[in-house]
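**Student:** Just one file: start17.tsv, with TSV, C-alpha atoms.
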```tsv
chain	number	residue	atom	x	y	z
A	1	ASP	CA	-8.39	-48.12	39.98
A	2	THR	CA	-6.96	-51.03	41.98
A	3	GLU	CA	-3.35	-50.78	40.93
A	4	VAL	CA	-0.07	-49.42	42.14
A	5	THR	CA	1.84	-47.89	39.23
A	6	GLN	CA	5.62	-47.60	39.25
A	7	THR	CA	7.83	-45.73	36.82
A	8	PRO	CA	10.20	-46.28	35.21
A	9	LYS	CA	10.06	-50.05	34.72
A	10	HIS	CA	13.79	-50.24	34.06
A	11	LEU	CA	16.60	-47.87	35.02
A	12	VAL	CA	20.34	-48.00	34.41
A	13	MET	CA	22.36	-45.40	36.25
A	14	GLY	CA	25.98	-44.62	36.94
A	15	MET	CA	27.37	-44.32	40.43
A	16	THR	CA	27.50	-40.52	40.20
A	17	ASN	CA	23.99	-40.07	38.84
A	18	LYS	CA	20.88	-38.77	40.60
A	19	LYS	CA	17.60	-40.38	39.67
A	20	SER	CA	14.13	-40.87	41.14
A	21	LEU	CA	11.68	-43.75	41.23
A	22	LYS	CA	8.00	-42.92	41.27
A	23	CYS	CA	4.99	-44.74	42.66
A	24	GLU	CA	1.30	-43.83	42.44
A	25	GLN	CA	-1.94	-45.31	43.78
A	26	HIS	CA	-5.54	-44.09	43.74
A	27	MET	CA	-7.13	-46.61	46.07
A	28	GLY	CA	-7.27	-44.22	49.01
A	29	HIS	CA	-4.63	-46.23	50.88
A	30	ARG	CA	-2.94	-44.14	53.55
A	31	ALA	CA	0.11	-46.36	53.99
A	32	MET	CA	2.78	-46.73	51.33
A	33	TYR	CA	6.01	-48.71	51.31
A	34	TRP	CA	9.30	-49.18	49.53
A	35	TYR	CA	10.78	-52.67	49.36
A	36	LYS	CA	13.98	-53.93	47.79
A	37	GLN	CA	14.06	-57.39	46.22
A	38	LYS	CA	17.21	-59.15	45.07
A	39	ALA	CA	16.96	-62.09	42.68
A	40	LYS	CA	15.39	-65.22	44.20
A	41	LYS	CA	15.03	-63.48	47.59
A	42	PRO	CA	11.98	-62.16	49.46
A	43	PRO	CA	11.25	-58.43	49.50
A	44	GLU	CA	13.09	-56.47	52.22
A	45	LEU	CA	11.37	-53.49	53.81
A	46	MET	CA	13.08	-50.14	53.32
A	47	PHE	CA	10.58	-47.44	54.29
A	48	VAL	CA	7.01	-47.12	55.56
A	49	TYR	CA	4.91	-44.00	55.14
A	50	SER	CA	1.69	-43.60	57.10
A	51	TYR	CA	-0.50	-40.58	56.40
A	52	GLU	CA	2.34	-39.06	54.37
A	53	LYS	CA	4.73	-39.25	57.32
A	54	LEU	CA	7.77	-41.51	57.46
A	55	SER	CA	7.11	-44.02	60.20
A	56	ILE	CA	9.73	-46.69	59.56
A	57	ASN	CA	13.22	-46.46	58.11
A	58	GLU	CA	14.88	-49.84	58.22
A	59	SER	CA	18.43	-48.50	58.55
A	60	VAL	CA	18.60	-47.71	54.87
A	61	PRO	CA	21.74	-45.84	53.69
A	62	SER	CA	21.26	-42.12	53.10
A	63	ARG	CA	21.93	-42.53	49.39
A	64	PHE	CA	18.26	-43.61	49.30
A	65	SER	CA	15.92	-40.73	50.15
A	66	PRO	CA	12.14	-41.27	50.23
A	67	GLU	CA	9.53	-38.58	49.73
A	68	CYS	CA	5.75	-38.63	50.00
A	69	PRO	CA	4.39	-35.46	48.34
A	70	ASN	CA	0.75	-36.44	48.89
A	71	SER	CA	-1.42	-39.40	49.79
A	72	SER	CA	-1.25	-40.85	46.27
A	73	LEU	CA	2.42	-40.44	45.45
A	74	LEU	CA	5.64	-41.91	46.78
A	75	ASN	CA	9.10	-41.18	45.41
A	76	LEU	CA	12.49	-42.70	46.05
A	77	HIS	CA	15.41	-40.41	45.27
A	78	LEU	CA	18.68	-42.12	44.43
A	79	HIS	CA	22.13	-40.60	44.62
A	80	ALA	CA	25.64	-42.04	44.51
A	81	LEU	CA	24.47	-45.63	44.45
A	82	GLN	CA	26.72	-48.66	44.47
A	83	PRO	CA	26.58	-51.67	42.12
A	84	GLU	CA	25.29	-53.81	45.01
A	85	ASP	CA	22.19	-51.58	45.08
A	86	SER	CA	21.11	-53.15	41.80
A	87	ALA	CA	17.77	-54.84	42.51
A	88	LEU	CA	14.04	-54.73	41.90
A	89	TYR	CA	12.51	-51.87	43.87
A	90	LEU	CA	8.91	-52.47	44.80
A	91	CYS	CA	6.32	-49.99	45.93
A	92	ALA	CA	3.22	-51.15	47.79
A	93	SER	CA	0.23	-49.62	49.49
A	94	SER	CA	-2.29	-50.79	52.04
A	95	PRO	CA	-5.17	-49.59	54.13
A	96	ARG	CA	-3.47	-48.18	57.21
A	97	GLN	CA	-4.76	-50.80	59.59
A	98	GLY	CA	-3.85	-53.85	57.58
A	99	GLY	CA	-5.41	-56.14	55.02
A	100	GLY	CA	-2.32	-56.91	53.02
A	101	TYR	CA	-0.53	-54.97	50.37
A	102	THR	CA	-1.08	-54.18	46.75
A	103	PHE	CA	2.28	-54.22	45.01
A	104	GLY	CA	3.46	-52.37	41.96
A	105	SER	CA	5.33	-54.21	39.23
A	106	GLY	CA	8.59	-52.69	40.37
A	107	THR	CA	11.51	-50.79	38.90
A	108	ARG	CA	14.45	-52.94	37.90
A	109	LEU	CA	17.50	-50.85	38.76
A	110	THR	CA	20.98	-51.54	37.49
A	111	VAL	CA	23.88	-49.48	38.85
A	112	VAL	CA	26.96	-49.46	36.65
H	1	ALA	CA	9.79	-60.16	67.08
H	2	GLN	CA	7.82	-61.65	64.26
H	3	ARG	CA	9.26	-64.34	62.04
H	4	VAL	CA	7.98	-66.38	59.10
H	5	THR	CA	9.56	-69.69	58.19
H	6	GLN	CA	9.12	-71.50	54.91
H	7	PRO	CA	11.22	-74.64	55.30
H	8	GLU	CA	11.27	-75.68	51.65
H	9	LYS	CA	13.27	-73.61	49.20
H	10	LEU	CA	12.09	-75.71	46.25
H	11	LEU	CA	9.16	-78.07	45.85
H	12	SER	CA	8.67	-80.17	42.73
H	13	VAL	CA	5.44	-82.08	42.11
H	14	PHE	CA	3.88	-83.81	39.13
H	15	LYS	CA	0.86	-82.32	37.42
H	16	GLY	CA	-2.30	-83.57	39.10
H	17	ALA	CA	-0.55	-84.35	42.39
H	18	PRO	CA	-1.49	-82.61	45.65
H	19	VAL	CA	0.56	-79.64	46.77
H	20	GLU	CA	1.33	-78.38	50.26
H	21	LEU	CA	3.60	-75.40	50.83
H	22	LYS	CA	4.54	-75.07	54.47
H	23	CYS	CA	4.58	-71.87	56.49
H	24	ASN	CA	5.16	-71.42	60.21
H	25	TYR	CA	5.13	-68.11	62.03
H	26	SER	CA	6.21	-66.61	65.31
H	27	TYR	CA	4.30	-63.60	66.64
H	28	SER	CA	3.17	-62.60	70.10
H	29	GLY	CA	0.05	-60.75	68.97
H	30	SER	CA	-2.93	-61.70	66.86
H	31	PRO	CA	-1.48	-62.61	63.46
H	32	GLU	CA	-2.69	-61.62	60.04
H	33	LEU	CA	-1.38	-64.15	57.52
H	34	PHE	CA	-1.14	-63.99	53.74
H	35	TRP	CA	0.15	-65.95	50.79
H	36	TYR	CA	1.65	-64.02	47.90
H	37	VAL	CA	2.59	-65.49	44.52
H	38	GLN	CA	5.17	-64.21	42.05
H	39	TYR	CA	5.08	-65.70	38.57
H	40	SER	CA	8.20	-65.40	36.46
H	41	ARG	CA	9.00	-61.71	35.85
H	42	GLN	CA	5.63	-60.57	37.15
H	43	ARG	CA	4.58	-58.56	40.16
H	44	LEU	CA	3.87	-59.99	43.58
H	45	GLN	CA	0.17	-60.78	43.80
H	46	LEU	CA	-1.94	-61.46	46.85
H	47	LEU	CA	-3.17	-65.05	46.64
H	48	LEU	CA	-4.92	-65.61	49.96
H	49	ARG	CA	-5.51	-63.95	53.29
H	50	HIS	CA	-6.48	-65.98	56.31
H	51	ILE	CA	-9.35	-63.74	57.38
H	52	SER	CA	-11.26	-64.19	54.15
H	53	ARG	CA	-11.09	-68.00	54.14
H	54	GLU	CA	-11.60	-68.03	50.38
H	55	SER	CA	-10.21	-70.34	47.72
H	56	ILE	CA	-8.27	-68.76	44.88
H	57	LYS	CA	-7.15	-70.79	41.83
H	58	GLY	CA	-7.97	-73.90	43.84
H	59	PHE	CA	-5.60	-72.99	46.69
H	60	THR	CA	-6.68	-72.92	50.32
H	61	ALA	CA	-4.88	-72.16	53.56
H	62	ASP	CA	-6.03	-72.59	57.13
H	63	LEU	CA	-4.58	-70.74	60.07
H	64	ASN	CA	-3.68	-73.16	62.87
H	65	LYS	CA	-2.90	-71.07	65.91
H	66	GLY	CA	-1.97	-74.10	68.00
H	67	GLU	CA	0.73	-75.13	65.56
H	68	THR	CA	1.41	-71.52	64.45
H	69	SER	CA	1.09	-72.64	60.86
H	70	PHE	CA	-0.56	-71.37	57.69
H	71	HIS	CA	0.15	-74.04	55.09
H	72	LEU	CA	-0.98	-73.54	51.49
H	73	LYS	CA	-2.70	-76.49	49.82
H	74	LYS	CA	-4.08	-77.48	46.46
H	75	PRO	CA	-5.49	-80.93	45.69
H	76	PHE	CA	-4.37	-81.13	42.04
H	77	ALA	CA	-1.37	-79.13	40.82
H	78	GLN	CA	-1.43	-77.48	37.39
H	79	GLU	CA	1.56	-76.45	35.28
H	80	GLU	CA	0.51	-72.80	35.54
H	81	ASP	CA	0.93	-73.01	39.32
H	82	SER	CA	4.72	-73.00	38.86
H	83	ALA	CA	5.87	-69.83	40.62
H	84	MET	CA	7.50	-68.44	43.73
H	85	TYR	CA	5.23	-68.46	46.79
H	86	TYR	CA	5.78	-66.22	49.80
H	87	CYS	CA	4.05	-66.53	53.14
H	88	ALA	CA	3.74	-63.19	54.93
H	89	LEU	CA	2.76	-62.00	58.40
H	90	GLY	CA	1.10	-58.63	58.87
H	91	SER	CA	1.65	-56.76	62.12
H	92	GLY	CA	1.48	-53.36	63.78
H	93	ALA	CA	-1.66	-51.28	63.60
H	94	GLY	CA	0.25	-48.01	63.76
H	95	SER	CA	2.87	-48.77	61.16
H	96	TYR	CA	1.53	-51.83	59.46
H	97	GLN	CA	4.18	-53.93	57.79
H	98	LEU	CA	4.53	-57.34	56.24
H	99	THR	CA	7.25	-59.77	57.17
H	100	PHE	CA	7.95	-62.25	54.40
H	101	GLY	CA	9.25	-65.78	54.54
H	102	LYS	CA	12.15	-66.69	52.26
H	103	GLY	CA	9.78	-68.20	49.73
H	104	THR	CA	9.22	-71.60	48.17
H	105	LYS	CA	9.66	-72.13	44.48
H	106	LEU	CA	6.98	-74.51	43.21
H	107	SER	CA	7.78	-76.42	40.05
H	108	VAL	CA	4.98	-78.50	38.51
H	109	ILE	CA	6.31	-81.22	36.23
H	110	PRO	CA	4.12	-82.02	33.22
```
Spell out the structure here as structure tokens.
**Tutor:**
Amino acid sequence: DTEVTQTPKHLVMGMTNKKSLKCEQHMGHRAMYWYKQKAKKPPELMFVYSYEKLSINESVPSRFSPECPNSSLLNLHLHALQPEDSALYLCASSPRQGGGYTFGSGTRLTVV
Amino acid sequence: AQRVTQPEKLLSVFKGAPVELKCNYSYSGSPELFWYVQYSRQRLQLLLRHISRESIKGFTADLNKGETSFHLKKPFAQEEDSAMYYCALGSGAGSYQLTFGKGTKLSVIP
């Protein structure tokens, strides 16, 4: 299995809702990432997990809460989002020491 | 701090013409450079990495440390090459992360 799988593919949520994005990989990668991508812009790093521990948080608002239950899974919990949080949320994984990422297809989030 | 610069936001070429997408980087350590491609409404895909020196879909890229560049080239553009191309710099052995350039949209005119 050489893929990163993200669910759901699309999500519409209200500003008072709580939802979660899920990401899964079975390549044995020990680093996993959340990126946010706005239309026609490059991906922006949100969080880095290395060996299931959060190693980088790029000053992301607390309404985004990451979780890494095990080496294959990465979640992003969403609460009280704003319309400007609407974007494509990308999960990626890599061997810990580099070699580039494998990206998931993303979750397209719309906050209404 | 690391930085990746892609000077062209949009590049239009005719089918069969040569293509060169420019990428310059700034990094104090030993860089690991990549090209990613994103076709319309599809996921980001790794196109090339400098350490493998391979050619994918006819594209090549050479790391020039003197000029701190990693330009992407293809001798004859095809319509299916139309996509968004991102140059990326990998850094940090402990918390490895990619820094992306702003991207260049390649449009191949039939």
**Student:** Just need the residues of chain H within 12 Å of chain A, counting only C-alpha atoms, so spit them out as JSON, numbers by chain.
**Tutor:** {"H": [4, 5, 6, 9, 10, 31, 32, 33, 34, 35, 36, 37, 38, 39, 40, 41, 42, 43, 44, 45, 46, 47, 48, 49, 50, 51, 52, 83, 84, 85, 86, 87, 88, 89, 90, 91, 92, 93, 94, 95, 96, 97, 98, 99, 100, 101, 102, 103, 104, 105]}
**Student:** Residues within 8 Å of Ala1 (chain H), please, as a PyMOL selection string. Count all atoms listed in the file; anything in the same chain fewer than 5 positions from it doesn't count.
**Tutor:** chain H and resi 26-28
**Student:** Between CA of Pro66 (chain A) and CA of Leu21 (chain A), measure the distance and give it in Å to one decimal.
**Tutor:**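 CA of Leu21 (chain A) lies at a distance of 9.3 Å from CA of Pro66 (chain A).
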**Student:** Could you tell me how far CA of Val108 (chain H) lies from CA of Thr68 (chain H), in Å and to one decimal?
**Tutor:** 27.1 Å
**Student:** So how many Å separate CA of Ser59 (chain A) and CA of Cys23 (chain H), to one decimal?
**Tutor:**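 Rounded to one decimal, the two atoms are 27.2 Å apart.
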**Student:** Once you add 5 Å to each side, what are the centre and edge lengths of the axis-aligned box holding all listed atoms of region 80-96 of chain H? One decimal in Å, as JSON, if you can.
**Tutor:**
```
{"center_x": 2.9, "center_y": -60.5, "center_z": 49.7, "size_x": 19.2, "size_y": 35.0, "size_z": 38.2}
```
**Student:** Would you mind listing what lies within 7 Å of Val60 (chain A) as a list in words, with only C-alpha atoms counted and same-chain residues fewer than 3 positions away left out?
**Tutor:** Met46, Asn57 and Phe64 of chain A
**Student:** Hey, could you patch up region 18-29 of chain A with all heavy atoms and hand it over as a compact mmCIF listing (two decimals), in the coordinates of the input?
**Tutor:**
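Result file is out_37.txt:
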```
# COMPACT_ATOMS: atom_id res chain seq x y z
N LYS A 18 22.03 -38.95 39.72
CA LYS A 18 20.88 -38.77 40.60
C LYS A 18 19.64 -39.11 39.80
O LYS A 18 19.43 -38.55 38.73
CB LYS A 18 20.76 -37.31 41.05
CG LYS A 18 21.67 -36.88 42.16
CD LYS A 18 21.30 -35.46 42.59
CE LYS A 18 22.26 -34.96 43.65
NZ LYS A 18 21.93 -33.59 44.08
N LYS A 19 18.84 -40.00 40.35
CA LYS A 19 17.60 -40.38 39.67
C LYS A 19 16.50 -40.54 40.71
O LYS A 19 16.77 -40.60 41.92
CB LYS A 19 17.77 -41.72 38.93
CG LYS A 19 18.78 -41.70 37.79
CD LYS A 19 18.23 -40.98 36.58
CE LYS A 19 19.23 -41.07 35.43
NZ LYS A 19 18.78 -40.27 34.26
N SER A 20 15.25 -40.66 40.23
CA SER A 20 14.13 -40.87 41.14
C SER A 20 13.21 -41.96 40.62
O SER A 20 12.98 -42.07 39.41
CB SER A 20 13.31 -39.58 41.29
OG SER A 20 14.10 -38.57 41.88
N LEU A 21 12.71 -42.76 41.54
CA LEU A 21 11.68 -43.75 41.23
C LEU A 21 10.35 -43.19 41.72
O LEU A 21 10.29 -42.55 42.77
CB LEU A 21 11.97 -45.07 41.95
CG LEU A 21 13.36 -45.66 41.79
CD1 LEU A 21 13.41 -47.04 42.46
CD2 LEU A 21 13.78 -45.74 40.35
N LYS A 22 9.31 -43.47 40.92
CA LYS A 22 8.00 -42.92 41.27
C LYS A 22 6.98 -44.04 41.46
O LYS A 22 7.04 -45.09 40.80
CB LYS A 22 7.51 -41.97 40.19
CG LYS A 22 8.40 -40.75 40.05
CD LYS A 22 7.83 -39.74 39.08
CE LYS A 22 8.77 -38.57 38.87
NZ LYS A 22 9.18 -37.91 40.11
N CYS A 23 6.03 -43.77 42.34
CA CYS A 23 4.99 -44.74 42.66
C CYS A 23 3.68 -43.97 42.87
O CYS A 23 3.68 -42.91 43.51
CB CYS A 23 5.36 -45.51 43.93
SG CYS A 23 4.09 -46.61 44.54
N GLU A 24 2.59 -44.52 42.35
CA GLU A 24 1.30 -43.83 42.44
C GLU A 24 0.18 -44.84 42.68
O GLU A 24 0.18 -45.92 42.09
CB GLU A 24 1.05 -43.06 41.14
CG GLU A 24 -0.11 -42.11 41.17
CD GLU A 24 -0.14 -41.19 39.97
OE1 GLU A 24 0.75 -41.29 39.09
OE2 GLU A 24 -1.06 -40.36 39.89
N GLN A 25 -0.75 -44.48 43.55
CA GLN A 25 -1.94 -45.31 43.78
C GLN A 25 -3.13 -44.39 44.02
O GLN A 25 -2.98 -43.33 44.61
CB GLN A 25 -1.74 -46.28 44.95
CG GLN A 25 -1.40 -45.66 46.29
CD GLN A 25 -2.60 -45.29 47.14
OE1 GLN A 25 -3.73 -45.70 46.88
NE2 GLN A 25 -2.35 -44.50 48.19
N HIS A 26 -4.31 -44.86 43.57
CA HIS A 26 -5.54 -44.09 43.74
C HIS A 26 -6.61 -44.94 44.39
O HIS A 26 -7.78 -44.87 44.02
CB HIS A 26 -6.00 -43.55 42.38
CG HIS A 26 -5.03 -42.60 41.77
ND1 HIS A 26 -4.85 -41.31 42.22
CD2 HIS A 26 -4.14 -42.76 40.75
CE1 HIS A 26 -3.92 -40.71 41.51
NE2 HIS A 26 -3.46 -41.56 40.61
N MET A 27 -6.18 -45.75 45.35
CA MET A 27 -7.13 -46.61 46.07
C MET A 27 -7.51 -46.02 47.42
O MET A 27 -8.22 -46.66 48.21
CB MET A 27 -6.50 -48.00 46.26
CG MET A 27 -6.31 -48.74 44.95
SD MET A 27 -5.51 -50.33 45.14
CE MET A 27 -3.80 -49.84 45.32
N GLY A 28 -6.98 -44.83 47.71
CA GLY A 28 -7.27 -44.22 49.01
C GLY A 28 -6.48 -44.84 50.15
O GLY A 28 -6.79 -44.59 51.32
N HIS A 29 -5.46 -45.64 49.82
CA HIS A 29 -4.63 -46.23 50.88
C HIS A 29 -3.79 -45.14 51.52
O HIS A 29 -3.20 -44.30 50.84
CB HIS A 29 -3.73 -47.32 50.29
CG HIS A 29 -4.48 -48.55 49.88
ND1 HIS A 29 -3.89 -49.57 49.15
CD2 HIS A 29 -5.75 -48.94 50.10
CE1 HIS A 29 -4.77 -50.51 48.94
NE2 HIS A 29 -5.92 -50.16 49.50
```
